[in-house]
Amino acid sequence: MNPIKFLEPTDLPEAIALLSQHADDAKLLAGGTSVVLMLQQRLIAPSVLISLGRIPSYDYMRLEEDGLHIGALSRIRDLERSEMIRKFSPALAHTFHVVANVRVRNQATLGGNLSAADYAADPPAMLTALDAHLRVQGPAGMREIPLRDFFLGFYVTVLEPEEILTEVIIPSLPSSARAAYHKYTSISAEGRPCVAVGAVADFQPDGTCADLRVAIGAAVETPQRLKAVEAMATGQVLSDELIAAIAEAYAKGLDPLADVRGTAWYRREMIRVFVKRALQEVRDGAR
Ligand SMILES: Cc1cc2nc3c(=O)[nH]c(=O)nc-3n(C[C@H](O)[C@H](O)[C@H](O)COP(=O)(O)OP(=O)(O)OC[C@H]3O[C@@H](n4cnc5c(N)ncnc54)[C@H](O)[C@@H]3O)c2cc1C
C-alpha cells in the first residue's frame with residue numbers, strides 16, 4: 001500500500017487549491033469519524049488526505065438577522081451543549097444530543113455529518129424540516145444550496161470534488177412555531193437511526209396550524225418531505241385524528257429501504273408511530 005500524503009492547510013483558499021490540485025486522489029478530513037473507518041475498511045484509498053483541522057475560523061455559531069449560522073467545522077458536542085442553540089431551537093439541540101455517543105460527538109463535525117451523506121444520520125431530517133441551507137466554497141467562489149437539494153443518494157451530494165461545505169444556516173422560527181425531533185433506533189449496540197423524523201409546525205393565534213413541515217430520514221435514501229401531506233394540516237387544528245391521518249399518509253407515501261436496522265415493512269410501521277409522536281409533541285409542546 002502506498003503511504004498517504006497528509007496535508008494541513010491553514011486557510012480555506014489553500015484547502016480549495018489543494019483539493020483542485022489533487023482532484024480525485026484527495027479526501028477531505030474533518031473530525032475523521034467516518035473517513036478513518038472507511039480507510040480502515042479499505043472502502044476508500046486516497047493518496048492525499050487534506051485535513052481541515054487547522055482552519056479554526058469555520059468553528060462558530062452566530063445568531064444573525066436571517067437565523068442561526070453554524071460553521072461546518074463545529075463539533076456536534078459543542079452544538080449539543082450550546083446555550084444559543086438550545087434557546088434557538090430545543091429540538092435542534094436535542095437532535096445533536098442523540099447523535100451517536102459522546103466520544104463520536106466530541107470529534108464529529110456538522111459539516112462532516114452532512115457531507116458524508118450517510119442516510120442513517122440524525123441532523124439531515126431535522127435540518128430539512130427546519131429548511132436549512134448551506135454555504136459551499138470552491139474555486140469559483142461561494143454558492144448557497146438548500147439542504148433539500150444537497151443529498152443526491154447514498155453517500156452522494158451535489159458537492160463538486162473541489163468544493164468545501166463551510167456553513168449551515170437555519171432560518172429563525174416565529175415564536176408561534178414549535179419543532180420536534182424523534183429518532184427510532186432498532187439496534188441497541190449502535191446509535192444510528194432506523195427512522196428519523198423532524199417536524200416543525202407554526203400555529204395561528206386560534207390554535208390552527210399555519211404551516212407544517214415533516215421530514216423523514218434514515219428510512220429512506222435521502223430526507224423526504226411530502227408536501228401534499230403537510231398541506232393537510234394547513235388551517236386545521238392538529239387533532240388526534242388529523243395527526244393519525246398524516247402519520248398514515250407518510251407511512252403509505254414513502255418507499256422505505258431495507259437494511260440491518262429493519263425491513264421496509266417494519267420501517268413503514270415505525271414511520272407511522274414516530275410521525276405521530278413528533279406531531280403530538282409539536283402540538284402539545286412537550287419539549
Ligand atoms: C460509532 C459511530 C456511531 C455513529 N452514530 C451516528 C448517529 O447515531 N447519528 C448520526 O447522525 N451519525 C452517526 N455517526 C456518524 C457520525 O456522525 C459522522 O461520522 C460524523 O458526523 C462525520 O463527521 P466528521 O467530522 O468526523 O467527518 P469526516 O469523517 O472527517 O468526513 C466525513 C465525510 O465528509 C467529507 N467532509 C468532511 N468535512 C467536509 C466539508 N466541510 N466539506 C466537504 N466535505 C467534507 C469527508 O471528505 C468525508 O467524505 C456515527 C459514527 C460512528 C463512528
# chains A, B, ... in the order shown; residues from 1 in each chain; ligands from 1
>>> select_by_dssp(residues="stretch 50-215 of chain A", states="strand (DSSP E)", output="VMD selection string")
chain A and resid 50 to 51 61 to 64 67 to 71 133 to 138 141 to 146 151 to 153 156 to 157 164 to 171 177 to 184 195 to 203 209 to 215
>>> closest_residue(among="A:Ala201, A:Thr208, A:Asn2, A:Ala15", to="A:Glu230", atoms="only C-alpha atoms")
A:Ala201
>>> residues_around(residues="stretch 66-69 of chain A", least_positions_apart="4", cutoff="8 Å", atoms="only C-alpha atoms", output="ChimeraX atom specification")
/A:60-62,88,167-172
>>> write_last_selection(atoms="N, CA, C and O atoms", output="PDB file, in the first residue's frame")
ATOM      1  N   TYR A  60     -17.854  27.919  14.516  1.00  0.00           N
ATOM      2  CA  TYR A  60     -18.562  29.025  15.190  1.00  0.00           C
ATOM      3  C   TYR A  60     -20.070  28.806  15.137  1.00  0.00           C
ATOM      4  O   TYR A  60     -20.574  28.010  14.343  1.00  0.00           O
ATOM      5  N   MET A  61     -20.763  29.531  16.007  1.00  0.00           N
ATOM      6  CA  MET A  61     -22.228  29.648  15.954  1.00  0.00           C
ATOM      7  C   MET A  61     -22.530  31.125  16.116  1.00  0.00           C
ATOM      8  O   MET A  61     -21.966  31.753  17.011  1.00  0.00           O
ATOM      9  N   ARG A  62     -23.411  31.634  15.251  1.00  0.00           N
ATOM     10  CA  ARG A  62     -23.736  33.063  15.318  1.00  0.00           C
ATOM     11  C   ARG A  62     -25.211  33.236  15.057  1.00  0.00           C
ATOM     12  O   ARG A  62     -25.741  32.618  14.126  1.00  0.00           O
ATOM     13  N   PHE A  88     -32.410  28.819  20.629  1.00  0.00           N
ATOM     14  CA  PHE A  88     -32.872  28.990  19.245  1.00  0.00           C
ATOM     15  C   PHE A  88     -33.880  27.902  18.879  1.00  0.00           C
ATOM     16  O   PHE A  88     -34.939  28.167  18.325  1.00  0.00           O
ATOM     17  N   GLU A 167     -20.721  26.389   5.806  1.00  0.00           N
ATOM     18  CA  GLU A 167     -21.667  26.956   6.775  1.00  0.00           C
ATOM     19  C   GLU A 167     -23.061  26.366   6.583  1.00  0.00           C
ATOM     20  O   GLU A 167     -23.480  26.087   5.459  1.00  0.00           O
ATOM     21  N   VAL A 168     -23.754  26.212   7.705  1.00  0.00           N
ATOM     22  CA  VAL A 168     -25.156  25.765   7.695  1.00  0.00           C
ATOM     23  C   VAL A 168     -25.980  26.920   8.266  1.00  0.00           C
ATOM     24  O   VAL A 168     -25.656  27.438   9.341  1.00  0.00           O
ATOM     25  N   ILE A 169     -27.013  27.330   7.547  1.00  0.00           N
ATOM     26  CA  ILE A 169     -27.837  28.459   8.001  1.00  0.00           C
ATOM     27  C   ILE A 169     -29.258  27.946   8.254  1.00  0.00           C
ATOM     28  O   ILE A 169     -29.871  27.327   7.374  1.00  0.00           O
ATOM     29  N   ILE A 170     -29.739  28.221   9.449  1.00  0.00           N
ATOM     30  CA  ILE A 170     -31.076  27.747   9.814  1.00  0.00           C
ATOM     31  C   ILE A 170     -31.956  28.967  10.077  1.00  0.00           C
ATOM     32  O   ILE A 170     -31.690  29.736  11.011  1.00  0.00           O
ATOM     33  N   PRO A 171     -32.979  29.176   9.233  1.00  0.00           N
ATOM     34  CA  PRO A 171     -33.815  30.363   9.411  1.00  0.00           C
ATOM     35  C   PRO A 171     -34.499  30.362  10.782  1.00  0.00           C
ATOM     36  O   PRO A 171     -34.883  29.301  11.286  1.00  0.00           O
ATOM     37  N   SER A 172     -34.634  31.570  11.359  1.00  0.00           N
ATOM     38  CA  SER A 172     -35.299  31.670  12.668  1.00  0.00           C
ATOM     39  C   SER A 172     -36.755  31.248  12.534  1.00  0.00           C
ATOM     40  O   SER A 172     -37.412  31.543  11.530  1.00  0.00           O
TER      41      SER A 172
END
>>> closest_residue(among="A:Trp265, A:Phe203, A:Tyr119, A:Tyr181", to="ligand 1", atoms="only C-alpha atoms and all ligand atoms")
A:Tyr119
>>> residues_around(residues="A:Ala278", least_positions_apart="5", cutoff="9 Å", atoms="only C-alpha atoms", output="list in words")
Ala179, Ala180, Tyr181, His182, Val197, Gly198, Ala199, Val200, Val214, Val273 and Arg283 of chain A
>>> write_last_selection(atoms="N, CA and C atoms", output="mmCIF file, in the first residue's frame")
data_model
loop_
_atom_site.group_PDB
_atom_site.id
_atom_site.type_symbol
_atom_site.label_atom_id
_atom_site.label_comp_id
_atom_site.auth_asym_id
_atom_site.auth_seq_id
_atom_site.Cartn_x
_atom_site.Cartn_y
_atom_site.Cartn_z
ATOM 1 N N ALA A 179 -40.947 22.871 17.198
ATOM 2 C CA ALA A 179 -40.277 21.822 16.422
ATOM 3 C C ALA A 179 -40.030 20.607 17.317
ATOM 4 N N ALA A 180 -39.877 19.448 16.680
ATOM 5 C CA ALA A 180 -39.583 18.222 17.436
ATOM 6 C C ALA A 180 -38.723 17.308 16.577
ATOM 7 N N TYR A 181 -37.842 16.548 17.241
ATOM 8 C CA TYR A 181 -37.071 15.527 16.535
ATOM 9 C C TYR A 181 -37.252 14.198 17.250
ATOM 10 N N HIS A 182 -37.663 13.191 16.508
ATOM 11 C CA HIS A 182 -37.813 11.849 17.075
ATOM 12 C C HIS A 182 -36.993 10.864 16.267
ATOM 13 N N VAL A 197 -37.378 11.451 12.354
ATOM 14 C CA VAL A 197 -38.475 12.355 11.985
ATOM 15 C C VAL A 197 -38.198 13.750 12.548
ATOM 16 N N GLY A 198 -38.111 14.726 11.669
ATOM 17 C CA GLY A 198 -38.026 16.128 12.087
ATOM 18 C C GLY A 198 -39.341 16.795 11.738
ATOM 19 N N ALA A 199 -39.924 17.525 12.687
ATOM 20 C CA ALA A 199 -41.220 18.178 12.420
ATOM 21 C C ALA A 199 -41.180 19.613 12.926
ATOM 22 N N VAL A 200 -41.777 20.506 12.139
ATOM 23 C CA VAL A 200 -41.880 21.916 12.525
ATOM 24 C C VAL A 200 -43.303 22.362 12.200
ATOM 25 N N VAL A 214 -42.664 18.219 7.725
ATOM 26 C CA VAL A 214 -42.247 16.944 8.333
ATOM 27 C C VAL A 214 -41.236 16.291 7.392
ATOM 28 N N VAL A 273 -45.622 5.407 13.574
ATOM 29 C CA VAL A 273 -45.550 5.642 15.028
ATOM 30 C C VAL A 273 -44.798 6.939 15.334
ATOM 31 N N ARG A 283 -47.586 19.750 18.699
ATOM 32 C CA ARG A 283 -48.886 20.295 19.121
ATOM 33 C C ARG A 283 -48.891 20.624 20.615
#
>>> residues_around(residues="A:Val102", least_positions_apart="6", cutoff="12 Å", atoms="only C-alpha atoms", output="number ranges by chain")
A: 75-78, 80-81, 96, 108, 191
>>> atom_distance(atom1="atom CA of A:Glu163", atom2="atom CA of A:Ser57")
16.9 Å
>>> residues_around(residues="A:Thr263", least_positions_apart="4", cutoff="12 Å", atoms="only C-alpha atoms", output="ChimeraX atom specification")
/A:186,194-195,219-220,255-259,267-270
>>> closest_residue(among="A:Val99, A:Leu159, A:Val282, A:Ala129", to="A:Ala177", atoms="only C-alpha atoms")
A:Val282
>>> atom_distance(atom1="atom CA of A:Glu241", atom2="atom CA of A:Pro123")
28.7 Å
>>> select_by_dssp(residues="stretch 173-271 of chain A", states="alpha helix (DSSP H)", output="list in words")
Lys227, Ala228, Val229, Glu230, Asp240, Glu241, Leu242, Ile243, Ala244, Ala245, Ile246, Ala247, Glu248, Ala249, Tyr250, Ala251, Lys252, Gly253, Ala264, Trp265, Tyr266, Arg267, Arg268, Glu269, Met270 and Ile271 of chain A
